[in-house]
Amino acid sequence: MRERLYQRAAALLLGQAALAAVGGWWLGWPGALAGMWLASGLYLLWDSAQAQRLGQWLQSGQVAQAPSLWGIWANLGTAARRWLRAKEQSTQAARQRVQGILQALHASPNALVLLDAQGHIAWCNRMAENHFGLQAERDVGQALGHLLREPALLAYWQGGDFSQPLALAGRQGVKLSVQLYPYGSGQHLLLARDVTALEQAEAMRREFVANVSHEIRTPLTVLVGFVETLQTLPLSAQEQQHYLSLMAQQASRMQHLVQDLLTLSRLEGSPLPGYDSGISAQALLEQCEVEARALSQLMCKDAAAPHVLLFPPATQADLQAQLLGNAPELHSACSNLISNALRYTPPGGQVQVTWQCLPDGSAQLEVRDSGPGIAPEHLARLTERFYRIDRSRSRETGGTGLGLAIVKHALQRHAAQLRISSQLGRGTVFTVVFAPARVRLRSGSSITNGGADGWLG
């Protein structure tokens with residue numbers, strides 16, 4: 001900068017000397033003096049023009065269209081251009097950051113509304129539009145209370161105590177938890193969370209605890225009563241044995257309930273089963289058949305006619321199929337389906353279990369019974385925990401109300417679908433379809449193009 005000042009001074013002196021020499025040669029010393037003044041005036045005019053061009057350029061804000069300047073003004077123009085470019089880049093970066101933040105806020109699962117000190121909408125995200133029916137372009141600047149017309153929200157705003165959230169109903173039956181957070185000078189952030197699923201889960205938890213308490217309380221009350229009877233009354237050996245037998249039944253019932261609860265907890269808390277192990281269809285069906293015949297004999301020991309339990313033979317290729325996943329879980333699901341059919345089929349009725357591989361690579365297990373059937377309004381809720389069509393009938397058969405819930409969870413973990421169809425008086429059909437990814441077939445079967453003898457993935 002100092003060099004530029006020296007250059008400006010040198011240029012002025014040279015101009016003055018040149019014009020003074022010309023004026024002195026022409027008019028003597030008055031001409032020399034006039035030449036010096038003329039040189040100074042011309043230099044000032046040129047300098048003013050440079051300053052004016054620089055000022056006009058700075059006022060225009062057109063960084064890319066810089067004027068042609070000379071001397072120190074060129075240096076000032078270059079410095080100003082660099083500063084303006086840096087400022088423009090900084091502004092652009094800040095604008096991009098703001099846009100990124102706004103996009104993130106729009107993607108938030110929570111409804112967000114910015115309110116000024118008067119309660120007018122300054123900004124809202126898309127979720128707020130969905131929950132409250134707002135439109136950002138239309139409603140910015142409008143009072144939130146005029147648009148929502150919720151007395152509870154107005155009272156919440158006027159009360160000024162925002163330490164606790166406000167429960168509010170949103171559109172389409174959504175339940176919201178709304179809370180205001182002050183910031184800045186009188187502004188507020190309104191945050192609304194969709195708590196519909198949380199409330200449903202909490203209601204299910206309360207119902208589950210109530211059901212478990214009820215299921216355990218009944219046999220426990222019976223046990224306590226029998227214990228008091230044995231302790232207080234003089235009973236014969238035969239009477240004592242009778243009461244002990246009833247107590248054993250109730251204890252067994254509680255034990256089955258606890259086992260089923262632990263099974264459900266394990267299914268919900270463990271990682272999904274992999275594909276590196278499994279159980280063959282033949283082994284699975286053989287285990288289920290042994291258990292089913294034992295259960296049928298136990299249930300029909302005092303009946304005139306036993307169950308007709310059918311396991312029609314499948315093709316050898318179908319039996320060689322392997323279900324991939326957790327073998328105990330697969331066995332539990334299939335066994336529960338068959339035992340459920342037996343429990344609700346009266347003695348003399350028929351239960352049929354069939355297995356087949358389908359052309360698309362999937363596999364199907366079907367359990368068909370000739371029981372009393374299920375009314376259509378109950379079908380959708382059969383796999384809910386403790387859901388019973390007839391509670392007295394369920395207790396008679398020894399069920400805990402968790403069998404089909406265990407079946408549903410185990411099958412879902414193995415990407416299988418459970419279908420239930422039934423007609424009153426004509427029985428029920430439970431159909432399980434295992435996805436092709438969970439079915440491995442032997443080479444040479446009619447379903448896959450065989451190669452060497454071995455398992456095909």
# chains A, B, ... in the order shown; residues from 1 in each chain; ligands from 1
>>> select_by_dssp(residues="region 370-439 of chain A", states="helix (DSSP H, G or I)", output="VMD selection string")
chain A and resid 376 to 379 391 to 397 403 to 413 436 to 438
>>> residues_around(residues="Ala169 (chain A)", least_positions_apart="4", cutoff="12 Å", atoms="only C-alpha atoms", output="PyMOL selection string")
chain A and resi 131-132+148+150-153+173-178+192-196
>>> residues_around(residues="Ile374 (chain A)", least_positions_apart="5", cutoff="9 Å", atoms="only C-alpha atoms", output="MDAnalysis selection string")
chainID A and resid 379 389 421:425 427:428
>>> residues_around(residues="Ile121 (chain A)", least_positions_apart="3", cutoff="6 Å", atoms="only C-alpha atoms", output="ChimeraX atom specification")
/A:114-115,140-142
>>> residues_around(residues="His331 (chain A)", least_positions_apart="4", cutoff="7 Å", atoms="only C-alpha atoms", output="PyMOL selection string")
chain A and resi 284+327+335
>>> atom_distance(atom1="CA of Glu268 (chain A)", atom2="CA of Gln322 (chain A)")
24.1 Å
>>> closest_residue(among="A:Gln250, A:Thr383, A:Gln99, A:Asn326", to="Ser280 (chain A)", atoms="only C-alpha atoms")
A:Asn326
>>> closest_residue(among="A:Leu342, A:Leu267, A:Val258, A:Leu190", to="Ala405 (chain A)", atoms="only C-alpha atoms")
A:Leu267
>>> select_by_dssp(residues="region 116-360 of chain A", states="strand (DSSP E)", output="PyMOL selection string")
chain A and resi 121-124+166-169+175-183+187-194+278-280+308-310+322-324+350-357
>>> atom_distance(atom1="CA of Leu298 (chain A)", atom2="CA of Leu261 (chain A)")
24.1 Å
